[in-house]
file run_28.cif (mmCIF, C-alpha atoms, pLDDT in the B column; chains and numbers go by the auth columns)
data_protein
#
loop_
_atom_site.group_PDB
_atom_site.id
_atom_site.type_symbol
_atom_site.label_atom_id
_atom_site.label_comp_id
_atom_site.label_asym_id
_atom_site.label_seq_id
_atom_site.Cartn_x
_atom_site.Cartn_y
_atom_site.Cartn_z
_atom_site.B_iso_or_equiv
_atom_site.auth_seq_id
_atom_site.auth_asym_id
ATOM 1 C CA MET A 1 -127.189 67.434 130.788 41.00 17 A
ATOM 2 C CA SER A 2 -124.241 68.177 128.549 38.00 18 A
ATOM 3 C CA GLY A 3 -121.281 70.195 129.715 39.00 19 A
ATOM 4 C CA HIS A 4 -117.897 69.680 131.333 43.00 20 A
ATOM 5 C CA SER A 5 -117.035 66.002 131.320 53.00 21 A
ATOM 6 C CA LYS A 6 -116.472 64.389 134.703 54.00 22 A
ATOM 7 C CA TRP A 7 -114.998 61.386 132.879 56.00 23 A
ATOM 8 C CA ALA A 8 -112.320 63.640 131.405 57.00 24 A
ATOM 9 C CA ASN A 9 -111.112 64.322 134.939 52.00 25 A
ATOM 10 C CA ILE A 10 -110.979 60.690 136.056 52.00 26 A
ATOM 11 C CA LYS A 11 -110.260 58.662 132.921 55.00 27 A
ATOM 12 C CA ARG A 12 -106.543 59.355 133.196 52.00 28 A
ATOM 13 C CA ALA A 13 -106.618 57.438 136.482 48.00 29 A
ATOM 14 C CA LYS A 14 -108.115 54.244 135.074 52.00 30 A
ATOM 15 C CA GLY A 15 -106.470 54.580 131.680 52.00 31 A
ATOM 16 C CA LYS A 16 -102.996 55.114 133.050 47.00 32 A
ATOM 17 C CA VAL A 17 -103.242 52.306 135.558 45.00 33 A
ATOM 18 C CA ASP A 18 -104.224 49.758 132.921 52.00 34 A
ATOM 19 C CA ALA A 19 -101.853 50.994 130.219 49.00 35 A
ATOM 20 C CA ALA A 20 -98.786 51.885 132.280 41.00 36 A
ATOM 21 C CA ARG A 21 -98.578 48.638 134.197 43.00 37 A
ATOM 22 C CA GLY A 22 -99.727 46.357 131.378 48.00 38 A
ATOM 23 C CA LYS A 23 -100.865 43.667 133.824 64.00 39 A
ATOM 24 C CA THR A 24 -104.508 43.403 132.880 75.00 40 A
ATOM 25 C CA PHE A 25 -104.862 39.665 133.473 81.00 41 A
ATOM 26 C CA ALA A 26 -103.250 39.842 136.909 81.00 42 A
ATOM 27 C CA VAL A 27 -105.442 42.773 137.925 82.00 43 A
ATOM 28 C CA ILE A 28 -108.663 41.087 136.806 86.00 44 A
ATOM 29 C CA SER A 29 -107.626 37.792 138.423 88.00 45 A
ATOM 30 C CA LYS A 30 -107.251 39.515 141.789 88.00 46 A
ATOM 31 C CA GLU A 31 -110.660 41.126 141.415 89.00 47 A
ATOM 32 C CA ILE A 32 -112.270 37.804 140.526 91.00 48 A
ATOM 33 C CA ILE A 33 -110.657 36.087 143.523 91.00 49 A
ATOM 34 C CA VAL A 34 -112.010 38.713 145.912 90.00 50 A
ATOM 35 C CA ALA A 35 -115.477 38.726 144.323 90.00 51 A
ATOM 36 C CA ALA A 36 -115.752 34.922 144.489 91.00 52 A
ATOM 37 C CA ARG A 37 -114.513 34.842 148.076 89.00 53 A
ATOM 38 C CA THR A 38 -116.873 37.621 149.191 88.00 54 A
ATOM 39 C CA SER A 39 -120.141 36.668 147.476 88.00 55 A
ATOM 40 C CA GLY A 40 -119.737 33.148 146.112 91.00 56 A
ATOM 41 C CA ALA A 41 -118.447 31.411 142.999 92.00 57 A
ATOM 42 C CA ASN A 42 -121.729 31.293 141.059 92.00 58 A
ATOM 43 C CA PRO A 43 -121.946 34.332 138.745 90.00 59 A
ATOM 44 C CA GLU A 44 -125.722 33.936 138.479 89.00 60 A
ATOM 45 C CA PHE A 45 -125.955 34.916 142.154 89.00 61 A
ATOM 46 C CA ASN A 46 -122.949 37.242 142.228 89.00 62 A
ATOM 47 C CA ALA A 47 -123.412 40.291 139.999 82.00 63 A
ATOM 48 C CA LYS A 48 -119.905 41.601 140.583 85.00 64 A
ATOM 49 C CA LEU A 49 -118.341 38.288 139.643 90.00 65 A
ATOM 50 C CA LYS A 50 -120.524 38.094 136.545 89.00 66 A
ATOM 51 C CA ALA A 51 -119.374 41.554 135.452 85.00 67 A
ATOM 52 C CA LEU A 52 -115.725 40.673 136.075 89.00 68 A
ATOM 53 C CA ILE A 53 -115.991 37.488 134.025 92.00 69 A
ATOM 54 C CA GLN A 54 -117.383 39.560 131.164 86.00 70 A
ATOM 55 C CA LYS A 55 -114.566 42.076 131.608 85.00 71 A
ATOM 56 C CA ALA A 56 -112.019 39.243 131.535 88.00 72 A
ATOM 57 C CA LYS A 57 -113.447 37.816 128.332 88.00 73 A
ATOM 58 C CA GLU A 58 -113.476 41.235 126.685 81.00 74 A
ATOM 59 C CA SER A 59 -109.778 41.493 127.582 81.00 75 A
ATOM 60 C CA ASN A 60 -109.174 38.090 125.920 86.00 76 A
ATOM 61 C CA MET A 61 -108.242 36.483 129.215 88.00 77 A
ATOM 62 C CA PRO A 62 -108.106 32.672 128.790 90.00 78 A
ATOM 63 C CA ASN A 63 -110.994 30.727 130.301 91.00 79 A
ATOM 64 C CA ASP A 64 -108.537 28.618 132.290 92.00 80 A
ATOM 65 C CA ASN A 65 -107.255 31.754 134.025 90.00 81 A
ATOM 66 C CA ILE A 66 -110.791 32.864 134.811 92.00 82 A
ATOM 67 C CA GLN A 67 -111.807 29.513 136.267 93.00 83 A
ATOM 68 C CA ARG A 68 -108.597 29.225 138.273 92.00 84 A
ATOM 69 C CA ALA A 69 -109.225 32.650 139.840 91.00 85 A
ATOM 70 C CA ILE A 70 -112.795 31.648 140.745 93.00 86 A
ATOM 71 C CA LEU A 71 -111.571 28.414 142.322 92.00 87 A
ATOM 72 C CA ARG A 72 -108.957 30.273 144.330 89.00 88 A
ATOM 73 C CA GLY A 73 -111.504 32.788 145.527 88.00 89 A
ATOM 74 C CA SER A 74 -113.915 30.070 146.602 87.00 90 A
ATOM 75 C CA GLY A 75 -111.150 28.171 148.414 85.00 91 A
ATOM 76 C CA GLN A 76 -111.244 25.118 146.143 87.00 92 A
ATOM 77 C CA ILE A 77 -107.573 25.515 145.284 85.00 93 A
ATOM 78 C CA ASP A 78 -104.763 27.205 147.199 82.00 94 A
ATOM 79 C CA GLY A 79 -103.694 30.718 146.365 75.00 95 A
ATOM 80 C CA ALA A 80 -102.985 34.171 147.744 74.00 96 A
ATOM 81 C CA ASN A 81 -105.610 35.706 149.993 80.00 97 A
ATOM 82 C CA TYR A 82 -106.247 39.198 148.620 85.00 98 A
ATOM 83 C CA GLU A 83 -108.025 42.001 150.421 87.00 99 A
ATOM 84 C CA GLU A 84 -109.340 45.351 149.256 88.00 100 A
ATOM 85 C CA LEU A 85 -107.911 48.423 150.999 94.00 101 A
ATOM 86 C CA THR A 86 -108.261 52.154 150.503 96.00 102 A
ATOM 87 C CA TYR A 87 -105.660 54.791 151.333 97.00 103 A
ATOM 88 C CA GLU A 88 -106.208 58.541 151.360 97.00 104 A
ATOM 89 C CA GLY A 89 -104.040 61.613 151.394 97.00 105 A
ATOM 90 C CA TYR A 90 -103.009 64.850 149.743 96.00 106 A
ATOM 91 C CA ALA A 91 -100.757 65.508 146.775 95.00 107 A
ATOM 92 C CA PRO A 92 -98.845 68.719 146.053 91.00 108 A
ATOM 93 C CA GLY A 93 -101.133 71.704 145.694 89.00 109 A
ATOM 94 C CA GLY A 94 -103.639 70.335 148.197 93.00 110 A
ATOM 95 C CA VAL A 95 -105.106 67.824 145.726 95.00 111 A
ATOM 96 C CA ALA A 96 -107.085 65.039 147.418 96.00 112 A
ATOM 97 C CA ILE A 97 -106.048 61.481 146.516 96.00 113 A
ATOM 98 C CA ILE A 98 -107.827 58.159 146.975 96.00 114 A
ATOM 99 C CA VAL A 99 -105.835 54.995 146.272 96.00 115 A
ATOM 100 C CA GLU A 100 -107.651 51.664 145.948 94.00 116 A
ATOM 101 C CA VAL A 101 -105.486 48.609 146.558 93.00 117 A
ATOM 102 C CA LEU A 102 -105.899 44.865 146.145 90.00 118 A
ATOM 103 C CA THR A 103 -103.127 43.066 148.009 92.00 119 A
ATOM 104 C CA ASP A 104 -102.039 39.889 149.742 90.00 120 A
ATOM 105 C CA ASN A 105 -99.734 41.861 152.046 93.00 121 A
ATOM 106 C CA ARG A 106 -101.212 44.953 153.655 93.00 122 A
ATOM 107 C CA ASN A 107 -97.906 45.951 155.292 95.00 123 A
ATOM 108 C CA ARG A 108 -96.154 46.002 151.920 95.00 124 A
ATOM 109 C CA ALA A 109 -99.014 47.912 150.306 95.00 125 A
ATOM 110 C CA ALA A 110 -99.155 50.520 153.073 96.00 126 A
ATOM 111 C CA GLY A 111 -95.393 50.971 152.927 96.00 127 A
ATOM 112 C CA ASP A 112 -95.388 51.436 149.162 96.00 128 A
ATOM 113 C CA ILE A 113 -98.234 53.962 149.243 97.00 129 A
ATOM 114 C CA ARG A 114 -96.699 55.948 152.108 96.00 130 A
ATOM 115 C CA HIS A 115 -93.329 55.982 150.346 97.00 131 A
ATOM 116 C CA VAL A 116 -94.826 57.529 147.199 97.00 132 A
ATOM 117 C CA PHE A 117 -96.710 60.177 149.187 97.00 133 A
ATOM 118 C CA ASP A 118 -93.577 61.096 151.147 95.00 134 A
ATOM 119 C CA LYS A 119 -91.132 61.026 148.230 95.00 135 A
ATOM 120 C CA TYR A 120 -93.177 63.156 145.872 93.00 136 A
ATOM 121 C CA GLY A 121 -94.390 65.921 148.140 93.00 137 A
ATOM 122 C CA GLY A 122 -97.654 64.514 149.398 95.00 138 A
ATOM 123 C CA ASN A 123 -99.045 63.481 152.752 95.00 139 A
ATOM 124 C CA MET A 124 -100.742 60.199 153.585 96.00 140 A
ATOM 125 C CA GLY A 125 -103.816 60.805 155.709 93.00 141 A
ATOM 126 C CA GLU A 126 -106.118 58.868 157.992 92.00 142 A
ATOM 127 C CA THR A 127 -109.091 56.896 156.697 91.00 143 A
ATOM 128 C CA GLY A 128 -111.856 59.353 155.884 92.00 144 A
ATOM 129 C CA SER A 129 -109.562 62.354 155.590 94.00 145 A
ATOM 130 C CA VAL A 130 -110.482 62.979 151.947 95.00 146 A
ATOM 131 C CA GLY A 131 -113.072 60.294 151.213 94.00 147 A
ATOM 132 C CA TRP A 132 -115.891 62.704 152.002 95.00 148 A
ATOM 133 C CA MET A 133 -114.856 64.752 148.955 95.00 149 A
ATOM 134 C CA PHE A 134 -115.751 61.899 146.577 95.00 150 A
ATOM 135 C CA GLN A 135 -118.900 60.000 145.663 92.00 151 A
ATOM 136 C CA LYS A 136 -118.909 56.350 144.633 92.00 152 A
ATOM 137 C CA LYS A 137 -120.864 56.144 141.390 92.00 153 A
ATOM 138 C CA GLY A 138 -121.471 53.807 138.507 91.00 154 A
ATOM 139 C CA LEU A 139 -119.978 54.939 135.203 92.00 155 A
ATOM 140 C CA LEU A 140 -120.937 53.730 131.727 92.00 156 A
ATOM 141 C CA VAL A 141 -119.261 55.234 128.668 91.00 157 A
ATOM 142 C CA ILE A 142 -120.764 54.729 125.204 91.00 158 A
ATOM 143 C CA ASP A 143 -119.056 55.581 121.916 88.00 159 A
ATOM 144 C CA ARG A 144 -121.288 58.089 120.103 86.00 160 A
ATOM 145 C CA GLU A 145 -120.001 57.049 116.690 83.00 161 A
ATOM 146 C CA GLU A 146 -121.448 53.560 117.081 84.00 162 A
ATOM 147 C CA PHE A 147 -124.994 54.742 117.749 82.00 163 A
ATOM 148 C CA GLU A 148 -126.893 57.256 115.625 79.00 164 A
ATOM 149 C CA LEU A 149 -128.726 58.919 118.471 84.00 165 A
ATOM 150 C CA SER A 150 -129.087 62.565 119.387 88.00 166 A
ATOM 151 C CA GLU A 151 -128.247 63.702 122.900 90.00 167 A
ATOM 152 C CA ASP A 152 -131.959 63.955 123.748 91.00 168 A
ATOM 153 C CA GLU A 153 -132.663 60.463 122.425 90.00 169 A
ATOM 154 C CA MET A 154 -129.792 58.991 124.420 91.00 170 A
ATOM 155 C CA LEU A 155 -130.843 60.863 127.539 92.00 171 A
ATOM 156 C CA LEU A 156 -134.321 59.385 127.268 92.00 172 A
ATOM 157 C CA GLN A 157 -132.800 55.894 127.095 91.00 173 A
ATOM 158 C CA VAL A 158 -130.669 56.632 130.161 93.00 174 A
ATOM 159 C CA LEU A 159 -133.548 57.949 132.255 93.00 175 A
ATOM 160 C CA GLU A 160 -135.765 55.023 131.296 92.00 176 A
ATOM 161 C CA ALA A 161 -132.977 52.652 132.361 93.00 177 A
ATOM 162 C CA GLY A 162 -132.736 54.373 135.754 93.00 178 A
ATOM 163 C CA GLY A 163 -129.561 56.427 135.250 93.00 179 A
ATOM 164 C CA ASP A 164 -128.943 59.571 137.318 91.00 180 A
ATOM 165 C CA ASP A 165 -127.070 61.804 134.922 89.00 181 A
ATOM 166 C CA MET A 166 -125.470 61.968 131.487 91.00 182 A
ATOM 167 C CA GLN A 167 -122.615 64.062 130.187 89.00 183 A
ATOM 168 C CA THR A 168 -122.030 64.414 126.439 88.00 184 A
ATOM 169 C CA THR A 169 -118.702 65.015 124.724 85.00 185 A
ATOM 170 C CA ASP A 170 -117.730 65.072 121.066 83.00 186 A
ATOM 171 C CA ASP A 171 -117.095 61.316 121.049 84.00 187 A
ATOM 172 C CA SER A 172 -118.967 59.781 123.959 88.00 188 A
ATOM 173 C CA PHE A 173 -122.036 59.586 126.161 91.00 189 A
ATOM 174 C CA GLU A 174 -120.979 59.325 129.814 92.00 190 A
ATOM 175 C CA ILE A 175 -123.717 57.888 132.014 93.00 191 A
ATOM 176 C CA TYR A 176 -123.678 58.087 135.797 93.00 192 A
ATOM 177 C CA THR A 177 -125.696 55.923 138.150 94.00 193 A
ATOM 178 C CA SER A 178 -125.996 55.480 141.885 93.00 194 A
ATOM 179 C CA PHE A 179 -123.771 52.784 143.337 90.00 195 A
ATOM 180 C CA ASP A 180 -126.763 50.569 144.097 90.00 196 A
ATOM 181 C CA ASP A 181 -128.396 50.946 140.666 92.00 197 A
ATOM 182 C CA PHE A 182 -125.295 50.357 138.546 91.00 198 A
ATOM 183 C CA GLU A 183 -125.983 46.748 137.546 87.00 199 A
ATOM 184 C CA GLN A 184 -129.662 47.437 136.882 91.00 200 A
ATOM 185 C CA VAL A 185 -128.905 50.369 134.578 94.00 201 A
ATOM 186 C CA LYS A 186 -126.103 48.478 132.842 92.00 202 A
ATOM 187 C CA GLU A 187 -128.339 45.475 132.156 90.00 203 A
ATOM 188 C CA ALA A 188 -131.186 47.684 130.904 94.00 204 A
ATOM 189 C CA LEU A 189 -128.905 49.439 128.419 93.00 205 A
ATOM 190 C CA GLU A 190 -127.347 46.146 127.339 91.00 206 A
ATOM 191 C CA ALA A 191 -130.853 44.839 126.676 92.00 207 A
ATOM 192 C CA ALA A 192 -131.336 47.892 124.450 90.00 208 A
ATOM 193 C CA LYS A 193 -128.241 46.731 122.479 90.00 209 A
ATOM 194 C CA PHE A 194 -125.775 49.303 123.784 91.00 210 A
ATOM 195 C CA ALA A 195 -122.115 48.378 124.251 87.00 211 A
ATOM 196 C CA PHE A 196 -119.746 50.153 126.631 87.00 212 A
ATOM 197 C CA LEU A 197 -116.237 51.499 126.358 84.00 213 A
ATOM 198 C CA VAL A 198 -116.198 51.607 130.152 83.00 214 A
ATOM 199 C CA ALA A 199 -118.506 49.989 132.716 85.00 215 A
ATOM 200 C CA GLU A 200 -117.300 50.351 136.282 84.00 216 A
ATOM 201 C CA ILE A 201 -117.770 51.717 139.756 86.00 217 A
ATOM 202 C CA THR A 202 -115.667 54.828 140.209 90.00 218 A
ATOM 203 C CA GLN A 203 -114.977 57.688 142.614 92.00 219 A
ATOM 204 C CA ILE A 204 -116.108 61.124 141.441 91.00 220 A
ATOM 205 C CA PRO A 205 -114.978 64.292 143.230 92.00 221 A
ATOM 206 C CA SER A 206 -117.808 66.518 144.427 90.00 222 A
ATOM 207 C CA SER A 207 -115.600 69.520 143.642 90.00 223 A
ATOM 208 C CA LYS A 208 -112.222 70.075 142.012 91.00 224 A
ATOM 209 C CA ILE A 209 -109.168 72.112 142.932 92.00 225 A
ATOM 210 C CA GLU A 210 -107.152 74.102 140.420 91.00 226 A
ATOM 211 C CA VAL A 211 -103.479 73.215 140.224 89.00 227 A
ATOM 212 C CA ASP A 212 -100.974 75.946 139.478 88.00 228 A
ATOM 213 C CA ALA A 213 -98.145 75.524 137.005 87.00 229 A
ATOM 214 C CA GLU A 214 -95.500 75.138 139.713 89.00 230 A
ATOM 215 C CA GLN A 215 -97.272 72.257 141.459 90.00 231 A
ATOM 216 C CA LEU A 216 -98.538 70.448 138.363 91.00 232 A
ATOM 217 C CA PRO A 217 -95.318 68.538 137.492 91.00 233 A
ATOM 218 C CA LYS A 218 -95.052 67.332 141.099 92.00 234 A
ATOM 219 C CA LEU A 219 -98.663 66.188 141.090 93.00 235 A
ATOM 220 C CA LYS A 220 -98.255 64.309 137.817 91.00 236 A
ATOM 221 C CA LYS A 221 -95.104 62.589 139.095 93.00 237 A
ATOM 222 C CA LEU A 222 -96.837 61.459 142.280 95.00 238 A
ATOM 223 C CA LEU A 223 -99.812 60.090 140.343 92.00 239 A
ATOM 224 C CA ALA A 224 -97.558 58.281 137.875 90.00 240 A
ATOM 225 C CA MET A 225 -95.498 56.659 140.624 93.00 241 A
ATOM 226 C CA MET A 226 -98.605 55.692 142.602 93.00 242 A
ATOM 227 C CA GLU A 227 -100.087 53.989 139.555 87.00 243 A
ATOM 228 C CA GLU A 228 -96.916 51.929 139.116 86.00 244 A
ATOM 229 C CA CYS A 229 -97.241 50.277 142.536 89.00 245 A
ATOM 230 C CA ASP A 230 -98.018 46.589 141.997 85.00 246 A
ATOM 231 C CA ASP A 231 -100.948 46.456 144.422 89.00 247 A
ATOM 232 C CA VAL A 232 -102.670 49.618 143.214 89.00 248 A
ATOM 233 C CA GLN A 233 -105.926 49.116 141.319 86.00 249 A
ATOM 234 C CA ASN A 234 -107.195 52.690 140.999 88.00 250 A
ATOM 235 C CA VAL A 235 -106.035 56.206 141.806 92.00 251 A
ATOM 236 C CA TYR A 236 -108.537 59.063 141.980 94.00 252 A
ATOM 237 C CA ASP A 237 -107.914 62.766 142.487 93.00 253 A
ATOM 238 C CA ASN A 238 -109.825 66.040 142.461 93.00 254 A
ATOM 239 C CA ALA A 239 -107.289 68.013 140.436 92.00 255 A
ATOM 240 C CA ASP A 240 -108.591 70.412 137.806 87.00 256 A
ATOM 241 C CA TYR A 241 -106.309 71.242 134.909 74.00 257 A
ATOM 242 C CA ASP A 242 -106.551 71.329 131.132 64.00 258 A
ATOM 243 C CA GLU A 243 -106.102 67.972 129.448 54.00 259 A
ATOM 244 C CA ASP A 244 -103.681 69.664 127.038 54.00 260 A
ATOM 245 C CA GLU A 245 -101.327 70.177 129.971 52.00 261 A
ATOM 246 C CA GLU A 246 -101.209 66.490 130.715 46.00 262 A
ATOM 247 C CA GLU A 247 -98.455 65.685 128.263 46.00 263 A
ATOM 248 C CA GLU A 248 -95.123 67.159 129.163 44.00 264 A
#
call {"tool": "encode", "arguments": {"input": "run_28.cif", "output": "structure tokens"}}
result
Amino acid sequence: MSGHSKWANIKRAKGKVDAARGKTFAVISKEIIVAARTSGANPEFNAKLKALIQKAKESNMPNDNIQRAILRGSGQIDGANYEELTYEGYAPGGVAIIVEVLTDNRNRAAGDIRHVFDKYGGNMGETGSVGWMFQKKGLLVIDREEFELSEDEMLLQVLEAGGDDMQTTDDSFEIYTSFDDFEQVKEALEAAKFAFLVAEITQIPSSKIEVDAEQLPKLKKLLAMMEECDDVQNVYDNADYDEDEEEE
């Protein structure tokens, strides 16, 4: 199951969002608040909250911040009421864009997203206009250098854990699961003593569109500006271009 890496086409989305904005604690806090509000404040009965607490600790987020976010989400202390929203549209070159937002002001968020689409040559679409081009999947990325396993040996571990697919690159094993099986596969691999560079639910394009040289700078500018919006959590696209072209 080796070959072209799907992660290579989407990691710039997650990586740029986290690195460019540098607001990791604030982002995770919002996610914890929503998870606690939606499914309860006890991580033993809320798998998403449990995973977010682990993510927060791995990011060295203070325990006080974690507990305060849980209390806000469960309504035990006052705080902003965040909601999860998704916006869709097209970037220059016909590239499909999905923008996931976590906000306490949907009017502000919608205005910011629409402004970026309009200013940088894109078009904001209706709900569902491009969502059908993507699949929501679980993604687990393992550093190959940390585990002395061949591709076949790792694949066997993945299949036994219930994973759907695995892509292999020079430096990583990229494991894909169904949305529903993500936590089960993650826990099975953790029990087998694997650690993850990435463990998340993501949006994977079912097909990609090639971007010509004229449209590429416009696309990159739109993506960069979208990722800088305060309420934006994730930006996904179905653009296909060489990673070497990413740096201008």
call {"tool": "residues_around", "arguments": {"input": "run_28.cif", "residues": "Lys234 of chain A", "least_positions_apart": "6", "cutoff": "10 Å", "atoms": "only C-alpha atoms", "output": "PDB file with C-alpha atoms, keeping the file's coordinate frame"}}
result
ATOM      1  CA  ALA A 107    -100.757  65.508 146.775  1.00 95.00           C
ATOM      2  CA  PRO A 108     -98.845  68.719 146.053  1.00 91.00           C
ATOM      3  CA  GLY A 109    -101.133  71.704 145.694  1.00 89.00           C
ATOM      4  CA  TYR A 136     -93.177  63.156 145.872  1.00 93.00           C
ATOM      5  CA  GLY A 137     -94.390  65.921 148.140  1.00 93.00           C
ATOM      6  CA  GLY A 138     -97.654  64.514 149.398  1.00 95.00           C
ATOM      7  CA  ALA A 240     -97.558  58.281 137.875  1.00 90.00           C
TER       8      ALA A 240
END
call {"tool": "closest_atom_pairs", "arguments": {"input": "run_28.cif", "of": "segment 141-207 of chain A", "to": "segment 61-80 of chain A", "cutoff": "12 Å", "atoms": "only C-alpha atoms", "output": "CSV"}}
result
residue,atom,partner,partner_atom,distance
A:Asp196,CA,A:Ala63,CA,11.6
A:Asp197,CA,A:Ala63,CA,11.8
A:Phe198,CA,A:Ala63,CA,10.3
A:Glu199,CA,A:Ala63,CA,7.4
A:Gln200,CA,A:Ala63,CA,10.0
A:Lys202,CA,A:Ala67,CA,10.0
A:Glu203,CA,A:Ala67,CA,10.3
call {"tool": "closest_residue", "arguments": {"input": "run_28.cif", "among": "A:Val214, A:Asp187, A:Gln173, A:Glu116", "to": "Val157 of chain A", "atoms": "all atoms listed in the file"}}
result
A:Val214
call {"tool": "atom_distance", "arguments": {"input": "run_28.cif", "atom1": "atom CA of Leu175 of chain A", "atom2": "atom CA of Glu216 of chain A"}}
result
18.4 Å
call {"tool": "atom_distance", "arguments": {"input": "run_28.cif", "atom1": "atom CA of Gly89 of chain A", "atom2": "atom CA of Ala52 of chain A"}}
result
4.9 Å
call {"tool": "atom_distance", "arguments": {"input": "run_28.cif", "atom1": "atom CA of Glu226 of chain A", "atom2": "atom CA of Asp256 of chain A"}}
result
4.7 Å
call {"tool": "closest_residue", "arguments": {"input": "run_28.cif", "among": "A:Gly141, A:Gly154, A:Pro233, A:Gly110", "to": "Phe195 of chain A", "atoms": "only C-alpha atoms"}}
result
A:Gly154
call {"tool": "residues_around", "arguments": {"input": "run_28.cif", "residues": "Leu172 of chain A", "least_positions_apart": "6", "cutoff": "12 Å", "atoms": "all atoms listed in the file", "output": "list in words"}}
result
Met17, Leu165, Ser166, Gly178, Gly179, Asp180, Asp181, Met182, Ile191 and Leu205 of chain A
call {"tool": "resolve_selection", "arguments": {"input": "run_28.cif", "expression": "the PyMOL selection byres ((chain A and resi 250) around 6)", "output": "VMD selection string"}}
result
chain A and resid 115 to 116 248 to 249 251
call {"tool": "residues_around", "arguments": {"input": "run_28.cif", "residues": "Ala85 of chain A", "least_positions_apart": "3", "cutoff": "6 Å", "atoms": "all atoms listed in the file", "output": "NGL selection string"}}
result
:A and (45 or 49 or 82 or 88)
call {"tool": "axis_aligned_box", "arguments": {"input": "run_28.cif", "around": "segment 131-137 of chain A", "padding_each_side": "5 Å", "output": "AutoDock Vina command-line options"}}
result
--center_x -93.9 --center_y 61.0 --center_z 148.5 --size_x 15.6 --size_y 19.9 --size_z 15.3
call {"tool": "closest_residue", "arguments": {"input": "run_28.cif", "among": "A:Ala208, A:Gln151, A:Ala255, A:Leu239", "to": "Met170 of chain A", "atoms": "all atoms listed in the file"}}
result
A:Ala208
call {"tool": "closest_residue", "arguments": {"input": "run_28.cif", "among": "A:Glu47, A:Leu171, A:Phe189, A:Tyr103", "to": "Val132 of chain A", "atoms": "only C-alpha atoms"}}
result
A:Tyr103
call {"tool": "resolve_selection", "arguments": {"input": "run_28.cif", "expression": "the PyMOL selection byres ((chain A and resi 129) around 10)", "output": "list in words"}}
result
Tyr103, Glu104, Gly105, Val115, Val117, Arg124, Ala125, Ala126, Gly127, Asp128, Arg130, His131, Val132, Phe133, Asp134, Met140, Met241, Met242, Glu243, Cys245, Asp247 and Val248 of chain A
call {"tool": "closest_residue", "arguments": {"input": "run_28.cif", "among": "A:Ser222, A:Ser90, A:Thr119, A:Asn58", "to": "Val43 of chain A", "atoms": "only C-alpha atoms"}}
result
A:Thr119
call {"tool": "decode", "arguments": {"input": "run_28.cif", "residues": "segment 34-78 of chain A", "atoms": "C-alpha atoms", "output": "mmCIF file, in the first residue's frame"}}
result
data_model
loop_
_atom_site.group_PDB
_atom_site.id
_atom_site.type_symbol
_atom_site.label_atom_id
_atom_site.label_comp_id
_atom_site.auth_asym_id
_atom_site.auth_seq_id
_atom_site.Cartn_x
_atom_site.Cartn_y
_atom_site.Cartn_z
ATOM 1 C CA ASP A 34 -0.467 25.510 13.906
ATOM 2 C CA ALA A 35 2.883 27.090 13.051
ATOM 3 C CA ALA A 36 1.770 30.308 11.359
ATOM 4 C CA ARG A 37 -0.659 31.401 14.036
ATOM 5 C CA GLY A 38 1.326 30.122 17.019
ATOM 6 C CA LYS A 39 -1.796 29.924 19.194
ATOM 7 C CA THR A 40 -1.753 26.260 20.092
ATOM 8 C CA PHE A 41 -3.140 26.637 23.611
ATOM 9 C CA ALA A 42 -6.028 28.823 22.466
ATOM 10 C CA VAL A 43 -6.901 26.419 19.659
ATOM 11 C CA ILE A 44 -6.880 23.361 21.921
ATOM 12 C CA SER A 45 -8.849 25.208 24.616
ATOM 13 C CA LYS A 46 -11.637 25.933 22.138
ATOM 14 C CA GLU A 47 -11.714 22.299 21.066
ATOM 15 C CA ILE A 48 -11.882 21.110 24.669
ATOM 16 C CA ILE A 49 -14.728 23.522 25.455
ATOM 17 C CA VAL A 50 -16.786 22.241 22.530
ATOM 18 C CA ALA A 51 -16.033 18.579 23.287
ATOM 19 C CA ALA A 52 -17.008 18.962 26.957
ATOM 20 C CA ARG A 53 -20.175 20.858 26.072
ATOM 21 C CA THR A 54 -21.210 18.334 23.407
ATOM 22 C CA SER A 55 -20.484 14.999 25.103
ATOM 23 C CA GLY A 56 -19.791 15.701 28.769
ATOM 24 C CA ALA A 57 -16.879 16.639 31.007
ATOM 25 C CA ASN A 58 -15.776 13.111 31.948
ATOM 26 C CA PRO A 59 -13.011 11.967 29.565
ATOM 27 C CA GLU A 60 -13.671 8.325 30.450
ATOM 28 C CA PHE A 61 -17.037 8.641 28.692
ATOM 29 C CA ASN A 62 -15.981 11.188 26.075
ATOM 30 C CA ALA A 63 -13.350 9.819 23.691
ATOM 31 C CA LYS A 64 -12.871 13.113 21.880
ATOM 32 C CA LEU A 65 -12.285 14.986 25.114
ATOM 33 C CA LYS A 66 -9.849 12.314 26.264
ATOM 34 C CA ALA A 67 -7.864 12.657 23.034
ATOM 35 C CA LEU A 68 -7.826 16.452 23.316
ATOM 36 C CA ILE A 69 -6.561 16.321 26.893
ATOM 37 C CA GLN A 70 -3.725 14.091 25.707
ATOM 38 C CA LYS A 71 -3.027 16.495 22.844
ATOM 39 C CA ALA A 72 -2.956 19.406 25.300
ATOM 40 C CA LYS A 73 -0.497 17.646 27.577
ATOM 41 C CA GLU A 74 1.748 16.749 24.652
ATOM 42 C CA SER A 75 1.761 20.458 23.765
ATOM 43 C CA ASN A 76 2.805 21.279 27.361
ATOM 44 C CA MET A 77 -0.453 23.070 28.054
ATOM 45 C CA PRO A 78 -0.775 23.739 31.819
#
